[in-house]
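Student: Pasting in a structure now, in structure tokens, and then I'll have a few things to ask.
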Amino acid sequence: MRKKIVAGNWKMNTVVPQGETLAKEIVGLSGEVPSDVTLIVAPPFTHLSRVAEALKGSRVALSAQNCADKESGAYTGEVSAKMLASVPVEYVILGHSERREYYGETNAKLVEKIKLALAENLSVIYCVGEKLEEREKGEHFNVIASQVKEVLFNLTAEQMSKVVIAYEPVWAIGTGKTATSAQAQEVHEFIRKTVAEKFGKDAADQTSILYGGSCKPGNARELFACKDIDGGLIGGASLVAGDFIAIAKSF
Ligand code: PGA
């Protein structure tokens, strides 16, 4: 059985004490969430150590939002996978559309980042998703196929077993416009089939594929009921503990 996961991507929000409070609130409410749901929070780098402390002994796992594409050395401003593992952090989000769009992250660079993260035994939440104009031109399946093939097809089956995929249509992120559950399910099924082409059906069936893009307490239930949607990567709604937990209770 593949894992059900709800992960909160805090993006560049909150200062350290607020992040610490939010983490504590989430821990406090986490008992309401069925035990087969994995809960993850992804605060900014500056918050990781303090949030790790706040999560200690709880069921909530810690993720970073990015890592460097180099191992160590003279790369001012970068944070390596090894540094994250030493916090310790369990997961890292890679390939988020905001990283691809505003910070020039290419599929080639993401292969490097994912390999470095996996070498440190981190699990990876790898994001894919098409832009509005790509969907309007009917190119979304091609875009997603290349984001999957050019990156994940470079991994071994063992490495792939530590990867969670997040489908985030760019036009739905932070816009209040969610993909319909039918639109999301269609793409999730396509992603799973694409993964199966390289890694086989069993491995594809074991891969958790999360939906992201204006997922809220009001629409999570319908999305999570779809056969190939295994949870969510939540942005805005993950900054309110009650909303994040309500989403995690929506399976
Ligand atoms: P959103 O962000 O829930 O605010 O749309 C999702 C994401 O980008 O991970």
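Residue numbering restarts at 1 in every chain; chains get A, B, ... in the order shown in the structure tokens, and ligands count up from 1 in that same order.
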Check the DSSP output for the backbone and give back, as a list in words, the residues of stretch 1-92 of chain A in strand (DSSP E or B).
Tutor: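 Here are the strand (DSSP E or B) residues of stretch 1-92 of chain A: Lys4, Ile5, Val6, Ala7, Gly8, Asn9, Val37, Thr38, Leu39, Ile40, Val41, Ala42, Val60, Ala61, Leu62, Ser63, Ala64, Tyr91 and Val92 of chain A.
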Student: Considering only C-alpha atoms and all ligand atoms, tabulate each residue of chain A that lies at most 9 Å from ligand 1 along with its nearest interatomic pair and the corresponding distance in Å to one decimal; arrange the rows by chain and ascending residue number and present them as a tab-separated table.
Tutor:
```
residue	atom	partner	partner_atom_place_in_ligand_line	distance
A:Ala7	CA	ligand 1	9 (O)	8.6
A:Gly8	CA	ligand 1	9 (O)	7.5
A:Asn9	CA	ligand 1	9 (O)	5.5
A:Trp10	CA	ligand 1	9 (O)	8.2
A:Lys11	CA	ligand 1	8 (O)	7.9
A:His96	CA	ligand 1	8 (O)	7.1
A:Ser97	CA	ligand 1	8 (O)	7.5
A:Glu98	CA	ligand 1	8 (O)	7.6
A:Cys127	CA	ligand 1	9 (O)	8.5
A:Ala166	CA	ligand 1	9 (O)	8.4
A:Glu168	CA	ligand 1	7 (C)	6.8
A:Pro169	CA	ligand 1	8 (O)	8.9
A:Val170	CA	ligand 1	8 (O)	7.9
A:Trp171	CA	ligand 1	5 (O)	8.9
A:Ala172	CA	ligand 1	5 (O)	6.0
A:Ile173	CA	ligand 1	5 (O)	3.4
A:Gly174	CA	ligand 1	5 (O)	3.6
A:Thr175	CA	ligand 1	5 (O)	6.3
A:Gly176	CA	ligand 1	5 (O)	6.9
A:Lys177	CA	ligand 1	5 (O)	8.2
A:Thr178	CA	ligand 1	5 (O)	8.0
A:Tyr211	CA	ligand 1	6 (C)	8.6
A:Gly212	CA	ligand 1	6 (C)	4.8
A:Gly213	CA	ligand 1	5 (O)	3.6
A:Ser214	CA	ligand 1	5 (O)	3.6
A:Cys215	CA	ligand 1	3 (O)	5.2
A:Lys216	CA	ligand 1	3 (O)	7.3
A:Gly232	CA	ligand 1	9 (O)	8.5
A:Leu233	CA	ligand 1	9 (O)	5.1
A:Ile234	CA	ligand 1	3 (O)	4.3
A:Gly235	CA	ligand 1	2 (O)	3.4
A:Gly236	CA	ligand 1	4 (O)	3.8
A:Ala237	CA	ligand 1	3 (O)	6.1
A:Ser238	CA	ligand 1	3 (O)	7.5
```
Student: What's the 8 Å shell around A:Val51, counting only C-alpha atoms, without same-chain residues fewer than 6 positions away, as a PDB file with C-alpha atoms, in the first residue's frame?
Tutor:
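That gives us part.pdb:
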```
ATOM      1  CA  GLY A  19       6.962  28.938  12.615  1.00  0.00           C
ATOM      2  CA  GLU A  20       7.739  27.345  15.950  1.00  0.00           C
ATOM      3  CA  ALA A  23       4.606  23.575  14.308  1.00  0.00           C
ATOM      4  CA  PRO A  43       9.386  25.516   6.779  1.00  0.00           C
ATOM      5  CA  LEU A  62      10.227  17.701   8.750  1.00  0.00           C
TER       6      LEU A  62
END
```
Student: Taking the backbone alone, and naming residues the way the document does, which bits of stretch 1-250 of chain A are helix (DSSP H, G or I) by DSSP, as a PyMOL selection string?
Tutor: chain A and resi 16-32+45-55+81-85+97-102+107-119+132-136+140-152+157-160+170-172+181-199+201-206+217-224+236-239+241-248
Student: Could you work out how far atom CA of A:His188 lies from atom CA of A:Ile144, giving the answer in Å with one decimal?
Tutor: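 One can read the atom CA of A:Ile144 to atom CA of A:His188 distance as 10.2 Å.
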Student: Would you kindly return, as a ChimeraX atom specification, each protein, DNA or RNA residue with an atom no farther than 9 Å from any atom of stretch 154-157 of chain A, considering only C-alpha atoms and excluding same-chain residues fewer than 4 positions away?
Tutor: /A:111,114-115,149-150,161,198-199,203
Student: Can I get the selected residues back with N, CA, C and O atoms, as a compact mmCIF listing (two decimals), in the first residue's frame?
Tutor:
```txt
# COMPACT_ATOMS: atom_id res chain seq x y z
N VAL A 111 18.01 16.78 -11.50
CA VAL A 111 18.58 15.43 -11.40
C VAL A 111 19.72 15.45 -10.38
O VAL A 111 19.81 14.59 -9.50
N ILE A 114 18.30 15.88 -6.78
CA ILE A 114 17.62 14.67 -6.28
C ILE A 114 18.65 13.62 -5.91
O ILE A 114 18.55 12.98 -4.85
N LYS A 115 19.66 13.44 -6.75
CA LYS A 115 20.67 12.42 -6.44
C LYS A 115 21.41 12.74 -5.14
O LYS A 115 21.68 11.86 -4.33
N LYS A 149 10.19 12.10 -17.15
CA LYS A 149 11.19 11.28 -17.83
C LYS A 149 12.60 11.87 -17.72
O LYS A 149 13.55 11.15 -17.42
N GLU A 150 12.73 13.17 -17.98
CA GLU A 150 14.08 13.77 -17.99
C GLU A 150 14.70 13.81 -16.60
O GLU A 150 15.90 14.00 -16.45
N SER A 161 12.16 4.55 -5.03
CA SER A 161 11.29 4.16 -3.92
C SER A 161 11.28 5.23 -2.81
O SER A 161 10.42 5.20 -1.94
N LYS A 198 9.05 2.97 -16.88
CA LYS A 198 10.47 2.77 -16.55
C LYS A 198 10.64 1.81 -15.37
O LYS A 198 11.53 0.98 -15.36
N PHE A 199 9.80 1.94 -14.36
CA PHE A 199 10.05 1.22 -13.11
C PHE A 199 9.11 0.03 -12.90
O PHE A 199 9.25 -0.71 -11.94
N ALA A 203 6.14 -0.82 -8.82
CA ALA A 203 6.81 0.37 -8.27
C ALA A 203 5.91 1.60 -8.44
O ALA A 203 5.79 2.43 -7.53
```
Student: For A:Lys193, list every protein, DNA or RNA residue within 12 Å, evaluated using only C-alpha atoms, and leave out those in the same chain fewer than 6 positions away; present the list as a list in words.
Tutor: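 Counting only the stated atoms, we get Phe141, Ile144, Ala145, Val148, Lys149, Glu186, Val187, Phe199, Gly200, Lys201, Asp202, Ala203, Ala204, Asp205, Thr207, Ile209 and Asp228 of chain A.
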Student: My list of candidates is A:Leu122, A:Val240, A:Ile93, A:Leu223. Which is closest to A:Ile165 when distances are computed with only C-alpha atoms?
Tutor: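 Among the listed residues, A:Ile93 lies closest to A:Ile165.
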